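> Structure file run.txt (compact mmCIF, C-alpha atoms and all ligand atoms) is given on the next line.
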# COMPACT_ATOMS: atom_id res chain seq x y z
CA MET A 674 86.90 152.58 -37.79
CA SER A 675 87.08 153.19 -34.07
CA ALA A 676 90.42 153.26 -32.34
CA PRO A 677 91.38 150.02 -30.69
CA GLU A 678 91.39 149.91 -26.94
CA THR A 679 94.88 150.15 -25.53
CA THR A 680 94.50 151.06 -21.91
CA ARG A 681 93.07 147.92 -20.41
CA SER A 682 94.99 146.45 -17.53
CA LEU A 683 97.09 143.36 -18.04
CA ASP A 684 95.18 140.24 -17.09
CA THR A 685 97.99 137.73 -17.16
CA SER A 686 95.79 134.88 -16.05
CA SER A 687 94.01 135.02 -19.39
CA LEU A 688 97.26 134.71 -21.30
CA GLY A 689 98.07 131.28 -20.10
CA LEU A 690 101.68 131.77 -21.07
CA ILE A 691 102.95 133.95 -18.29
CA PRO A 692 103.20 132.78 -14.71
CA GLU A 693 101.36 134.99 -12.24
CA PRO A 694 103.74 137.93 -12.02
CA PRO A 695 105.04 138.97 -8.66
CA LYS A 696 104.12 142.23 -7.02
CA LYS A 697 106.82 144.82 -7.53
CA ASP A 698 107.98 144.60 -3.94
CA SER A 699 108.50 140.89 -4.02
CA SER A 700 110.13 140.65 -7.44
CA ASP A 701 113.65 140.46 -6.10
CA SER A 702 112.94 137.27 -4.29
CA MET A 703 111.52 135.55 -7.37
CA SER A 704 114.66 134.13 -8.93
CA ILE A 705 112.84 132.63 -11.90
CA TYR A 706 112.35 136.08 -13.34
CA SER A 707 115.09 137.85 -15.21
CA PRO A 708 115.77 141.36 -14.04
CA GLN A 709 113.43 143.87 -15.60
CA PRO A 710 114.97 145.37 -18.71
CA LYS A 711 116.02 148.97 -18.41
CA VAL A 712 114.52 151.09 -21.13
CA ALA A 713 116.05 154.38 -22.08
CA GLY A 714 113.43 156.98 -22.83
CA ASN A 715 110.93 156.18 -25.47
CA GLY A 716 113.17 154.13 -27.69
CA GLY A 717 113.93 150.44 -27.92
CA TYR A 718 111.36 147.79 -27.56
CA PHE A 719 108.86 149.64 -25.45
CA SER A 720 106.29 151.89 -26.97
CA GLY A 721 105.60 155.44 -25.91
CA SER A 722 102.73 154.14 -23.82
CA ASN A 723 105.12 152.27 -21.56
CA LEU A 724 104.39 154.55 -18.61
CA ASP A 725 100.64 154.20 -19.03
CA ILE A 726 100.97 150.51 -19.14
CA ASP A 727 102.96 150.49 -15.95
CA GLN A 728 100.14 152.42 -14.37
CA SER A 729 97.45 150.25 -15.85
CA MET A 730 99.24 147.23 -14.49
CA ASN A 731 98.77 148.55 -10.96
CA SER A 732 102.51 148.57 -10.41
CA ILE A 733 102.90 144.96 -11.38
CA THR A 734 106.28 144.22 -12.89
CA PRO A 735 106.07 141.52 -15.51
CA PRO A 736 108.89 139.06 -16.03
CA ALA A 737 111.42 140.19 -18.57
CA HIS A 738 110.27 137.66 -21.12
CA ALA A 739 106.71 138.97 -21.10
CA SER A 740 105.78 141.63 -23.57
CA PRO A 741 105.38 144.73 -21.45
CA THR A 742 102.74 146.11 -23.76
CA LEU A 743 100.52 143.06 -23.92
CA PRO A 744 96.94 144.02 -23.11
CA ALA A 745 94.24 141.75 -21.77
CA MET A 746 93.76 139.65 -24.88
CA ASN A 747 92.76 136.06 -24.75
CA LEU A 748 95.50 134.18 -26.55
CA MET A 749 94.47 130.83 -25.19
CA PRO A 750 93.32 127.99 -27.42
CA HIS A 751 89.70 128.34 -28.49
CA SER A 752 89.81 132.09 -28.21
CA ASN A 753 87.88 133.38 -31.12
CA SER A 754 89.50 135.60 -33.64
CA THR A 755 87.23 138.53 -32.81
CA MET A 756 88.66 138.66 -29.33
CA LEU A 757 92.17 138.37 -30.62
CA LEU A 758 91.78 140.89 -33.39
CA GLY A 759 90.03 143.38 -31.13
CA VAL A 760 87.72 146.12 -32.29
CA GLU A 761 86.42 145.72 -35.83
CA GLY A 762 88.94 143.05 -36.65
CA GLN A 763 91.93 145.30 -36.08
CA ILE A 764 94.81 144.15 -33.96
CA PRO A 765 95.31 146.55 -31.08
CA PRO A 766 98.64 148.24 -31.76
CA SER A 767 99.77 147.40 -28.29
CA ILE A 768 100.10 143.68 -29.05
CA LEU A 769 101.89 144.20 -32.32
CA SER A 770 105.59 143.71 -32.63
CA PRO A 771 107.43 146.98 -32.48
CA ALA A 772 108.68 146.79 -36.02
CA PHE A 773 107.37 145.36 -39.24
CA THR A 774 110.16 143.69 -41.12
CA PRO A 775 109.33 143.58 -44.78
CA PRO A 776 110.56 140.56 -46.72
CA THR A 777 113.44 141.15 -49.09
CA THR A 778 111.33 140.05 -52.00
CA PRO A 779 108.87 142.82 -52.82
CA SER A 780 105.61 141.74 -51.37
CA THR A 781 101.95 142.36 -51.57
CA PRO A 782 100.61 145.08 -49.32
CA LEU A 783 99.18 144.36 -45.89
CA MET A 784 96.12 142.21 -46.35
CA GLY A 785 93.25 141.25 -44.13
CA PRO A 786 92.91 137.75 -42.79
CA VAL A 787 90.97 136.51 -45.78
CA ALA A 788 93.57 136.63 -48.48
CA SER A 789 91.34 135.64 -51.34
CA LYS A 790 89.12 138.68 -50.71
CA ASN A 791 92.19 140.85 -51.07
CA PRO A 792 94.01 139.35 -54.01
CA PRO A 793 97.67 140.28 -54.17
CA LYS A 794 98.44 143.50 -55.95
CA LEU A 795 100.30 142.69 -59.10
CA MET A 796 103.61 144.39 -59.74
CA GLU A 797 103.23 147.04 -62.41
CA LYS A 798 106.29 145.78 -64.21
CA LEU A 799 107.62 142.25 -64.19
CA PRO A 800 111.10 141.81 -62.77
CA LYS A 801 113.97 140.89 -65.04
CA VAL A 802 115.35 137.40 -64.56
CA ASN A 803 118.44 135.72 -65.88
CA CYS A 804 119.27 132.04 -65.71
CA ILE A 805 122.90 131.93 -64.61
CA VAL A 806 123.51 128.21 -64.62
CA ARG A 807 121.74 124.94 -65.19
CA ALA A 808 122.84 121.43 -64.28
CA ARG A 809 121.53 117.90 -64.66
CA ILE A 810 120.63 116.34 -61.33
CA PRO A 811 120.11 112.61 -61.21
CA THR A 812 117.76 112.18 -58.28
CA THR A 813 117.47 109.52 -55.63
CA THR A 814 114.23 108.42 -57.25
CA GLY A 815 115.93 107.78 -60.59
CA THR A 816 114.34 110.68 -62.42
CA GLU A 817 116.70 113.24 -63.87
CA ILE A 818 115.90 116.89 -63.46
CA PHE A 819 117.55 120.08 -64.65
CA LEU A 820 118.10 122.60 -61.90
CA HIS A 821 118.11 126.21 -63.14
CA LEU A 822 119.46 128.98 -60.94
CA TYR A 823 118.14 132.48 -61.50
CA GLN A 824 119.28 135.97 -60.63
CA ASN A 825 116.95 138.93 -60.85
CA ASN A 826 116.83 142.69 -60.51
CA ILE A 827 114.61 142.98 -57.43
CA ASP A 828 116.26 140.87 -54.75
CA ASN A 829 119.55 139.11 -54.19
CA LYS A 830 118.13 135.66 -53.59
CA GLU A 831 118.78 132.63 -55.75
CA HIS A 832 115.38 131.52 -56.99
CA LEU A 833 115.23 128.20 -58.78
CA ALA A 834 113.41 126.38 -61.50
CA ILE A 835 113.41 122.60 -61.35
CA VAL A 836 112.68 121.39 -64.86
CA PHE A 837 111.32 117.96 -65.72
CA GLY A 838 111.71 116.69 -69.27
CA ASN A 839 113.85 117.81 -72.18
CA LYS A 840 111.50 120.18 -73.91
CA ILE A 841 111.63 123.14 -71.57
CA ARG A 842 114.60 125.45 -72.05
CA SER A 843 115.64 128.81 -70.70
CA LYS A 844 115.93 131.63 -73.21
CA SER A 845 118.30 133.66 -71.06
CA LEU A 846 120.56 130.67 -70.45
CA ASP A 847 120.74 129.70 -74.11
CA ALA A 848 121.41 133.24 -75.33
CA PRO A 849 125.05 133.55 -76.44
CA ARG A 850 127.29 135.67 -74.21
CA GLU A 851 129.94 137.84 -75.65
CA GLY A 852 133.34 136.24 -75.89
CA GLU A 853 132.32 132.92 -74.44
CA THR A 854 133.81 129.65 -75.62
CA GLU A 855 132.01 126.38 -76.17
CA LEU A 856 133.48 125.16 -72.91
CA ASP A 857 132.10 128.23 -71.12
CA ARG A 858 128.66 127.43 -72.48
CA MET A 859 128.85 123.84 -71.35
CA ILE A 860 130.07 124.85 -67.90
CA ARG A 861 127.07 127.12 -67.38
CA GLY A 862 124.74 124.44 -68.69
CA ALA A 863 123.82 126.02 -72.02
CA TYR A 864 124.16 122.79 -73.94
CA THR A 865 121.72 120.49 -75.65
CA GLY A 866 121.48 116.79 -74.89
CA ARG A 867 123.94 115.45 -72.41
CA LEU A 868 127.50 116.19 -71.40
CA PHE A 869 130.12 113.48 -71.55
CA PRO A 870 133.90 113.40 -71.19
CA GLY A 871 135.52 114.88 -74.28
CA ARG A 872 132.46 116.72 -75.60
CA THR A 873 133.53 119.86 -77.46
CA SER A 874 130.35 121.48 -78.74
CA SER A 875 127.54 122.89 -76.64
CA ARG A 876 125.13 122.88 -79.53
CA VAL A 877 125.38 119.49 -81.14
CA ASP A 878 124.65 116.45 -79.07
CA ASP A 879 127.29 114.17 -80.52
CA SER A 880 127.12 111.76 -77.63
CA PRO A 881 126.60 108.07 -78.23
CA LYS A 882 122.87 107.33 -78.35
CA SER A 883 123.02 105.13 -75.29
CA SER A 884 124.19 107.95 -73.02
CA ARG A 885 121.51 110.51 -73.94
CA VAL A 886 118.98 111.82 -71.46
CA PRO A 887 116.55 109.02 -70.70
CA SER A 888 113.17 109.20 -72.34
CA ARG A 889 110.23 110.39 -70.26
CA ALA A 890 108.76 106.91 -69.96
CA ALA A 891 112.03 105.45 -68.76
CA SER A 892 112.80 108.24 -66.31
CA SER A 893 109.35 108.30 -64.79
CA THR A 894 109.28 104.72 -63.59
CA SER A 895 111.00 105.12 -60.28
CA LEU A 896 109.44 108.41 -59.23
CA SER A 897 106.06 106.83 -59.68
CA ASN A 898 106.93 104.66 -56.71
CA MET A 899 107.37 107.64 -54.39
CA ALA A 900 103.78 107.69 -53.22
CA PRO A 901 102.58 104.28 -54.17
CA THR A 902 98.99 104.64 -55.24
CA THR A 903 98.39 108.29 -56.04
CA GLN A 904 96.51 108.84 -59.27
CA LEU A 905 98.31 110.74 -61.99
CA THR A 906 96.37 113.72 -63.21
CA THR A 907 95.51 112.93 -66.79
CA PRO A 908 95.74 116.11 -68.82
CA ALA A 909 92.70 116.98 -70.87
CA SER A 910 93.44 116.38 -74.56
CA ASN A 911 93.68 120.10 -75.32
CA THR A 912 96.26 120.59 -72.59
CA ARG A 913 98.39 117.57 -73.42
CA ASN A 914 101.37 119.72 -74.42
CA THR A 915 100.91 122.14 -71.57
CA PRO A 916 103.50 121.73 -68.83
CA LEU A 917 102.52 121.10 -65.26
CA VAL A 918 103.79 123.88 -63.04
CA ARG A 919 104.11 124.24 -59.31
CA ILE A 920 105.05 127.56 -57.79
CA HIS A 921 106.47 126.53 -54.49
CA SER A 922 107.54 128.80 -51.67
CA GLU A 923 110.52 127.79 -49.59
CA CYS A 924 109.68 125.97 -46.37
CA TYR A 925 112.77 125.00 -44.42
CA THR A 926 110.76 123.31 -41.71
CA GLY A 927 108.58 121.24 -44.01
CA GLU A 928 111.27 120.37 -46.55
CA ILE A 929 114.38 119.97 -44.41
CA ALA A 930 113.33 119.63 -40.77
CA TRP A 931 110.62 116.97 -41.29
CA SER A 932 107.94 119.26 -39.92
CA ALA A 933 104.41 117.94 -39.62
CA ARG A 934 103.04 121.45 -39.08
CA CYS A 935 102.43 121.87 -42.80
CA ASP A 936 102.19 119.80 -45.96
CA CYS A 937 104.90 121.68 -47.90
CA GLY A 938 107.32 118.74 -48.11
CA GLU A 939 104.59 116.40 -49.23
CA GLN A 940 103.42 118.89 -51.86
CA LEU A 941 106.92 119.27 -53.28
CA ASP A 942 107.39 115.50 -53.53
CA GLU A 943 103.97 115.00 -55.05
CA ALA A 944 104.51 117.78 -57.59
CA ALA A 945 107.81 116.18 -58.62
CA ARG A 946 106.20 112.79 -58.93
CA LEU A 947 103.37 114.07 -61.11
CA MET A 948 105.75 116.05 -63.31
CA SER A 949 108.00 113.07 -63.83
CA LEU A 950 105.01 111.18 -65.19
CA ASP A 951 103.64 113.97 -67.35
CA PRO A 952 104.38 113.78 -71.07
CA ALA A 953 104.42 117.57 -71.32
CA GLY A 954 107.09 117.86 -68.64
CA GLY A 955 106.94 120.29 -65.80
CA VAL A 956 108.52 123.06 -63.79
CA VAL A 957 108.73 123.64 -60.07
CA VAL A 958 109.44 127.33 -59.64
CA TYR A 959 111.02 127.39 -56.21
CA LEU A 960 110.76 130.87 -54.75
CA ARG A 961 112.80 131.87 -51.71
CA GLN A 962 109.81 133.29 -49.88
CA GLU A 963 110.16 131.35 -46.66
CA GLY A 964 107.16 131.41 -44.33
CA ARG A 965 104.79 132.97 -46.88
CA GLY A 966 107.32 135.75 -47.27
CA ILE A 967 107.99 136.64 -43.62
CA GLY A 968 111.23 134.65 -43.30
CA LEU A 969 112.19 131.69 -41.16
CA GLY A 970 112.75 133.59 -37.91
CA GLU A 971 109.32 135.17 -38.01
CA LYS A 972 107.70 131.90 -39.03
CA LEU A 973 109.20 130.21 -35.99
CA LYS A 974 107.72 132.96 -33.80
CA ALA A 975 104.40 132.34 -35.55
CA TYR A 976 104.68 128.66 -34.63
CA ASN A 977 105.08 129.59 -30.99
CA LEU A 978 102.01 131.80 -31.26
CA GLN A 979 100.20 128.85 -32.83
CA ASP A 980 101.17 126.67 -29.89
CA LEU A 981 99.62 129.40 -27.75
CA GLY A 982 96.31 128.84 -29.50
CA ASN A 983 96.32 131.09 -32.56
CA ASP A 984 95.88 129.93 -36.10
CA THR A 985 98.39 130.51 -38.88
CA VAL A 986 96.73 133.72 -40.05
CA GLN A 987 96.27 135.21 -36.59
CA ALA A 988 99.89 134.44 -35.75
CA ASN A 989 101.14 136.39 -38.76
CA LEU A 990 98.91 139.33 -37.93
CA ILE A 991 99.99 139.43 -34.29
CA LEU A 992 103.57 139.61 -35.52
CA ARG A 993 102.52 142.55 -37.66
CA HIS A 994 102.90 140.75 -40.95
CA PRO A 995 100.28 140.30 -43.62
CA ALA A 996 98.54 136.92 -43.66
CA ASP A 997 100.49 136.29 -46.84
CA ALA A 998 103.43 138.50 -47.74
CA ARG A 999 104.38 136.84 -51.00
CA SER A 1000 104.49 138.07 -54.56
CA TYR A 1001 104.68 136.04 -57.74
CA GLY A 1002 106.15 138.40 -60.34
CA LEU A 1003 109.40 136.45 -60.28
CA ALA A 1004 107.53 133.23 -61.02
CA THR A 1005 105.81 134.87 -63.98
CA ALA A 1006 109.13 136.14 -65.31
CA ILE A 1007 110.83 132.76 -64.84
CA LEU A 1008 108.00 130.95 -66.63
CA MET A 1009 108.27 133.41 -69.51
CA ASP A 1010 112.00 132.78 -69.66
CA LEU A 1011 111.27 129.05 -69.84
CA GLU A 1012 108.76 129.72 -72.62
CA SER A 1013 106.08 128.10 -70.51
CA VAL A 1014 103.38 130.67 -70.85
CA ASN A 1015 100.42 128.30 -70.99
CA ILE A 1016 100.52 126.22 -67.87
CA ARG A 1017 98.60 123.75 -65.75
CA LEU A 1018 99.11 125.02 -62.23
CA LEU A 1019 99.25 122.67 -59.26
CA THR A 1020 97.73 124.64 -56.41
CA ASN A 1021 94.74 125.20 -54.17
CA ASN A 1022 95.61 128.85 -53.64
CA PRO A 1023 93.37 131.26 -55.59
CA ASP A 1024 95.76 134.16 -55.11
CA LYS A 1025 98.55 132.23 -56.77
CA VAL A 1026 96.46 131.54 -59.85
CA ALA A 1027 95.60 135.21 -60.25
CA ALA A 1028 99.06 136.50 -59.41
CA VAL A 1029 101.17 134.24 -61.61
CA GLU A 1030 99.30 135.31 -64.71
CA GLY A 1031 101.05 138.64 -64.30
CA PRO A 1032 99.94 142.25 -64.74
CA GLY A 1033 99.53 141.89 -68.50
CA LYS A 1034 98.37 138.26 -68.47
CA GLU A 1035 101.82 137.27 -69.67
CA VAL A 1036 101.17 133.71 -68.46
CA LYS A 1037 97.90 131.82 -68.80
CA VAL A 1038 96.74 129.21 -66.32
CA VAL A 1039 94.75 126.97 -68.66
CA GLU A 1040 93.99 124.49 -65.93
CA ARG A 1041 94.27 124.41 -62.15
CA VAL A 1042 95.24 121.02 -60.80
CA PRO A 1043 94.28 120.67 -57.13
CA MET A 1044 96.71 119.39 -54.54
CA ILE A 1045 94.70 117.16 -52.25
CA PRO A 1046 96.57 116.05 -49.12
CA LEU A 1047 97.55 112.41 -49.50
CA ALA A 1048 96.07 111.52 -46.11
CA TRP A 1049 92.69 112.90 -47.20
CA GLN A 1050 92.83 110.46 -50.11
CA ASN A 1051 93.72 107.64 -47.73
CA LEU A 1052 97.10 107.38 -49.43
CA LYS A 1053 100.37 106.59 -47.77
CA GLY A 1054 103.16 109.11 -47.35
CA GLY A 1055 101.05 112.08 -46.33
CA VAL A 1056 101.71 114.40 -43.41
CA THR A 1057 99.35 113.72 -40.54
CA GLY A 1058 98.68 115.19 -37.12
CA LYS A 1059 96.76 117.91 -35.32
CA GLU A 1060 99.02 120.77 -36.40
CA VAL A 1061 98.82 120.10 -40.12
CA GLY A 1062 95.08 119.53 -39.79
CA ASP A 1063 94.64 122.94 -38.14
CA TYR A 1064 96.92 124.53 -40.73
CA LEU A 1065 94.90 123.14 -43.63
CA ARG A 1066 91.58 124.07 -42.03
CA THR A 1067 92.71 127.66 -41.63
CA LYS A 1068 93.92 127.82 -45.24
CA ILE A 1069 90.47 126.71 -46.35
CA THR A 1070 88.35 128.79 -43.96
CA GLN A 1071 90.49 131.94 -43.67
CA MET A 1072 92.54 132.10 -46.85
CA GLY A 1073 89.99 130.80 -49.33
CA HIS A 1074 92.01 127.81 -50.49
CA MET A 1075 90.06 125.74 -52.97
CA LEU A 1076 90.00 122.47 -51.15
CA ASP A 1077 87.02 120.64 -49.69
CA LEU A 1078 87.26 119.65 -46.07
CA PRO A 1079 86.97 115.88 -45.76
CA ALA A 1080 83.32 114.81 -45.50
CA ASP A 1081 83.90 112.98 -42.22
CA GLY A 1082 85.37 116.16 -40.71
CA LYS A 1083 88.56 114.31 -39.84
CA LEU A 1084 91.36 116.52 -41.04
CA MET A 1085 94.23 114.19 -40.32
N1 LIG B 1101 103.86 132.37 -41.91
C1 LIG B 1101 103.66 131.06 -41.98
N2 LIG B 1101 104.10 130.43 -43.08
C2 LIG B 1101 103.88 129.11 -43.16
C3 LIG B 1101 103.26 128.37 -42.15
N3 LIG B 1101 103.23 127.07 -42.53
C4 LIG B 1101 103.83 127.01 -43.74
N4 LIG B 1101 104.22 128.23 -44.12
C5 LIG B 1101 104.84 128.69 -45.36
O1 LIG B 1101 103.84 128.70 -46.33
C6 LIG B 1101 104.41 128.53 -47.60
C7 LIG B 1101 103.64 127.42 -48.30
O2 LIG B 1101 103.46 127.83 -49.52
P1 LIG B 1101 103.11 126.95 -50.80
O3 LIG B 1101 103.65 125.58 -50.66
O4 LIG B 1101 103.54 127.75 -51.97
O5 LIG B 1101 101.57 126.78 -50.73
P2 LIG B 1101 100.30 127.67 -50.59
O6 LIG B 1101 100.43 129.07 -51.00
O7 LIG B 1101 99.84 127.45 -49.21
O8 LIG B 1101 99.28 127.03 -51.61
P3 LIG B 1101 99.27 125.71 -52.44
O9 LIG B 1101 99.85 126.07 -53.76
O10 LIG B 1101 97.85 125.32 -52.54
O11 LIG B 1101 100.08 124.71 -51.70
C8 LIG B 1101 105.87 128.21 -47.37
O12 LIG B 1101 106.64 129.37 -47.59
C9 LIG B 1101 105.93 127.81 -45.90
O13 LIG B 1101 107.16 128.11 -45.29
C10 LIG B 1101 102.81 129.07 -41.01
O14 LIG B 1101 102.21 128.53 -40.11
N5 LIG B 1101 103.04 130.42 -40.98
Let me see the file written as structure tokens.

Amino acid sequence: MSAPETTRSLDTSSLGLIPEPPKKDSSDSMSIYSPQPKVAGNGGYFSGSNLDIDQSMNSITPPAHASPTLPAMNLMPHSNSTMLLGVEGQIPPSILSPAFTPPTTPSTPLMGPVASKNPPKLMEKLPKVNCIVRARIPTTTGTEIFLHLYQNNIDNKEHLAIVFGNKIRSKSLDAPREGETELDRMIRGAYTGRLFPGRTSSRVDDSPKSSRVPSRAASSTSLSNMAPTTQLTTPASNTRNTPLVRIHSECYTGEIAWSARCDCGEQLDEAARLMSLDPAGGVVVYLRQEGRGIGLGEKLKAYNLQDLGNDTVQANLILRHPADARSYGLATAILMDLESVNIRLLTNNPDKVAAVEGPGKEVKVVERVPMIPLAWQNLKGGVTGKEVGDYLRTKITQMGHMLDLPADGKLM
């Protein structure tokens, strides 16, 4: 592979984002520019090539908010990825962020832009997980769920399992703990049936029949109204007892901040709705891998790069992150703990299917259930707009997601 070009002069007009910088002599009079940052030696933000770049810029002083090492790359909309990625698809080091911040959760190694051609490396050993507490959550839709909170031995995040139905239980939660009382067990959620005032045993559901956890048919009614006309996936007869599973990565923007840049919120709602209707029950394994593992701060930077004309993969790479920095060993371990080792997986992501099965095929995906955007099915409640359309197109064309583009070419 030939070395990427790093000595080209800065052509700010092609960047679109930086106003024409003043000549050095006139910079003092341009009050819109912050003073140029002082850089001590070779450290800090500037690379060792800082001097060269100064020279290559013909003594032009960029504004403080411009990356001093940005070469003449076309970051404008419609720039093709070859231009952006430089020689032989590599990102010139000079436009990379100075430091790669690995996610806390152990991740897959740096991958090329086409994730499916570089499936995530499976962890050699599955992490250990322990369900610390579980609680019944009556939801706004009427369906009751059981929220399970997990700790593990590889990161200090609280990963979750949202369980639908009464059949799925956590082995680590139910295991007796030394010296614990019945009340202790009930407080951490290791009880059968339903809690009620005055209950004394965690093991025997001695509650009046009327107060027990509602049956699946009863609890599913209201969630089925969430997205009015979506079809329920009917499980094939041989998978009727196989739970529906969604491995969902945290997305603050899509789930909390009403973002229409992605379909994460819609997918979470739709997964919940389908699970509430499924006789085999279901699990949403909610992994704290925000922004495909790069974290919220970096994802927000990636959004700004997307507004500058890059797609979701290019933006990650420019920030010196892999296209997808996630791993799924924790999901495999959590599913094993929930004794859900044969699953129907709701996803379009081929890497997820391969990765969740684990290094020793501890979990088996017996069926993949696609997640088709509601808007593409002409259903109400889906995320629409240019940004989510671009996001989905890139997932299909660059990341190998198993989803057909709509025949009419209209993404949203
Ligand atoms: N880095 C980055 N992350 C994004 C962007 N948009 C959404 N995300 C993150 O992508 C993740 C979405 O993951 P999932 O919902 O598990 O879905 P997926 O892997 O795309 O595949 P499916 O299972 O088919 O939905 C979340 O962590 C989001 O925060 C983006 O533009 N850049």
> Select the residues contacting ligand LIG 1101 (chain B) at a distance of at most 8 Å, based on all atoms listed in the file, then format the selection as a PDB file with C-alpha atoms, in the frame of the given file.

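Below is the file result07.pdb, written as the result:
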ATOM      1  CA  ARG A 919     104.110 124.240 -59.310  1.00  0.00           C
ATOM      2  CA  ILE A 920     105.050 127.560 -57.790  1.00  0.00           C
ATOM      3  CA  HIS A 921     106.470 126.530 -54.490  1.00  0.00           C
ATOM      4  CA  SER A 922     107.540 128.800 -51.670  1.00  0.00           C
ATOM      5  CA  GLU A 923     110.520 127.790 -49.590  1.00  0.00           C
ATOM      6  CA  CYS A 924     109.680 125.970 -46.370  1.00  0.00           C
ATOM      7  CA  TYR A 925     112.770 125.000 -44.420  1.00  0.00           C
ATOM      8  CA  THR A 926     110.760 123.310 -41.710  1.00  0.00           C
ATOM      9  CA  GLY A 927     108.580 121.240 -44.010  1.00  0.00           C
ATOM     10  CA  ARG A 934     103.040 121.450 -39.080  1.00  0.00           C
ATOM     11  CA  CYS A 935     102.430 121.870 -42.800  1.00  0.00           C
ATOM     12  CA  ASP A 936     102.190 119.800 -45.960  1.00  0.00           C
ATOM     13  CA  CYS A 937     104.900 121.680 -47.900  1.00  0.00           C
ATOM     14  CA  GLN A 940     103.420 118.890 -51.860  1.00  0.00           C
ATOM     15  CA  LEU A 941     106.920 119.270 -53.280  1.00  0.00           C
ATOM     16  CA  ARG A 961     112.800 131.870 -51.710  1.00  0.00           C
ATOM     17  CA  GLN A 962     109.810 133.290 -49.880  1.00  0.00           C
ATOM     18  CA  GLU A 963     110.160 131.350 -46.660  1.00  0.00           C
ATOM     19  CA  GLY A 964     107.160 131.410 -44.330  1.00  0.00           C
ATOM     20  CA  ARG A 965     104.790 132.970 -46.880  1.00  0.00           C
ATOM     21  CA  GLY A 966     107.320 135.750 -47.270  1.00  0.00           C
ATOM     22  CA  ILE A 967     107.990 136.640 -43.620  1.00  0.00           C
ATOM     23  CA  GLY A 968     111.230 134.650 -43.300  1.00  0.00           C
ATOM     24  CA  LEU A 969     112.190 131.690 -41.160  1.00  0.00           C
ATOM     25  CA  GLU A 971     109.320 135.170 -38.010  1.00  0.00           C
ATOM     26  CA  LYS A 972     107.700 131.900 -39.030  1.00  0.00           C
ATOM     27  CA  LEU A 973     109.200 130.210 -35.990  1.00  0.00           C
ATOM     28  CA  ALA A 975     104.400 132.340 -35.550  1.00  0.00           C
ATOM     29  CA  TYR A 976     104.680 128.660 -34.630  1.00  0.00           C
ATOM     30  CA  GLN A 979     100.200 128.850 -32.830  1.00  0.00           C
ATOM     31  CA  ASP A 984      95.880 129.930 -36.100  1.00  0.00           C
ATOM     32  CA  THR A 985      98.390 130.510 -38.880  1.00  0.00           C
ATOM     33  CA  VAL A 986      96.730 133.720 -40.050  1.00  0.00           C
ATOM     34  CA  ALA A 988      99.890 134.440 -35.750  1.00  0.00           C
ATOM     35  CA  ASN A 989     101.140 136.390 -38.760  1.00  0.00           C
ATOM     36  CA  ALA A 996      98.540 136.920 -43.660  1.00  0.00           C
ATOM     37  CA  ASP A 997     100.490 136.290 -46.840  1.00  0.00           C
ATOM     38  CA  LEU A1019      99.250 122.670 -59.260  1.00  0.00           C
ATOM     39  CA  THR A1020      97.730 124.640 -56.410  1.00  0.00           C
ATOM     40  CA  ASN A1021      94.740 125.200 -54.170  1.00  0.00           C
ATOM     41  CA  ASN A1022      95.610 128.850 -53.640  1.00  0.00           C
ATOM     42  CA  LYS A1025      98.550 132.230 -56.770  1.00  0.00           C
ATOM     43  CA  PRO A1043      94.280 120.670 -57.130  1.00  0.00           C
ATOM     44  CA  MET A1044      96.710 119.390 -54.540  1.00  0.00           C
ATOM     45  CA  TYR A1064      96.920 124.530 -40.730  1.00  0.00           C
ATOM     46  CA  LYS A1068      93.920 127.820 -45.240  1.00  0.00           C
ATOM     47  CA  HIS A1074      92.010 127.810 -50.490  1.00  0.00           C
ATOM     48  CA  MET A1075      90.060 125.740 -52.970  1.00  0.00           C
TER      49      MET A1075
END
> With distances taken over all atoms listed in the file, which of A:Ile810, A:Phe837, A:Asp1024, A:Gly954 is nearest to A:Ala998?
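Counting all atoms listed in the file, the residue closest to A:Ala998 is A:Asp1024.
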> Name the residues within 12 Å of (89.8, 127.0, -42.9), counting all atoms listed in the file in the file's coordinates, and put them as JSON, numbers by chain.
{"A": [786, 787, 788, 984, 985, 986, 1061, 1062, 1063, 1064, 1065, 1066, 1067, 1068, 1069, 1070, 1071, 1072, 1073, 1074, 1075, 1076, 1077, 1078, 1079, 1082, 1084]}
> Please, what distance in Å, to one decimal, runs between atom CA of A:Arg850 and atom CA of A:Arg876?
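Result for atom CA of A:Arg850 versus atom CA of A:Arg876: 14.0 Å, one decimal.
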> For a test of reading the model, state the distance in Å between atom CA of A:Glu851 and atom CA of A:Tyr864, rounded to one decimal.
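Taking atom CA of A:Glu851 and atom CA of A:Tyr864, their separation equals 16.2 Å.
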> Kindly give the distance, in Å, that separates atom CA of A:Gly1031 and atom CA of A:Ser1000, rounded to a single decimal.
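Computing the Euclidean distance for atom CA of A:Gly1031 and atom CA of A:Ser1000 yields 10.3 Å.
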> Tell me which protein, DNA and RNA residues are within 7 Å of A:Leu820, counting only C-alpha atoms, leaving out same-chain ones fewer than 4 positions away, and put them as a ChimeraX atom specification.
/A:807-810,834-836
> Would you place a box with edges along x, y and z of the file around all atoms of stretch 820-838 of chain A listed there, add 8 Å to each of its six sides, and report the centre and edge lengths in Å to one decimal, as JSON?

{"center_x": 115.4, "center_y": 129.8, "center_z": -61.4, "size_x": 24.2, "size_y": 42.3, "size_z": 31.7}
> Ranking A:Ile860, A:Glu855, A:Leu960, A:Asn977 by minimum distance to A:Thr873 and counting all atoms listed in the file, which one comes first?
A:Glu855
> For A:Arg858, which residue among A:Ile827, A:Leu1047, A:Val806, A:Ala1004 is the nearest when counting all atoms listed in the file?
A:Val806
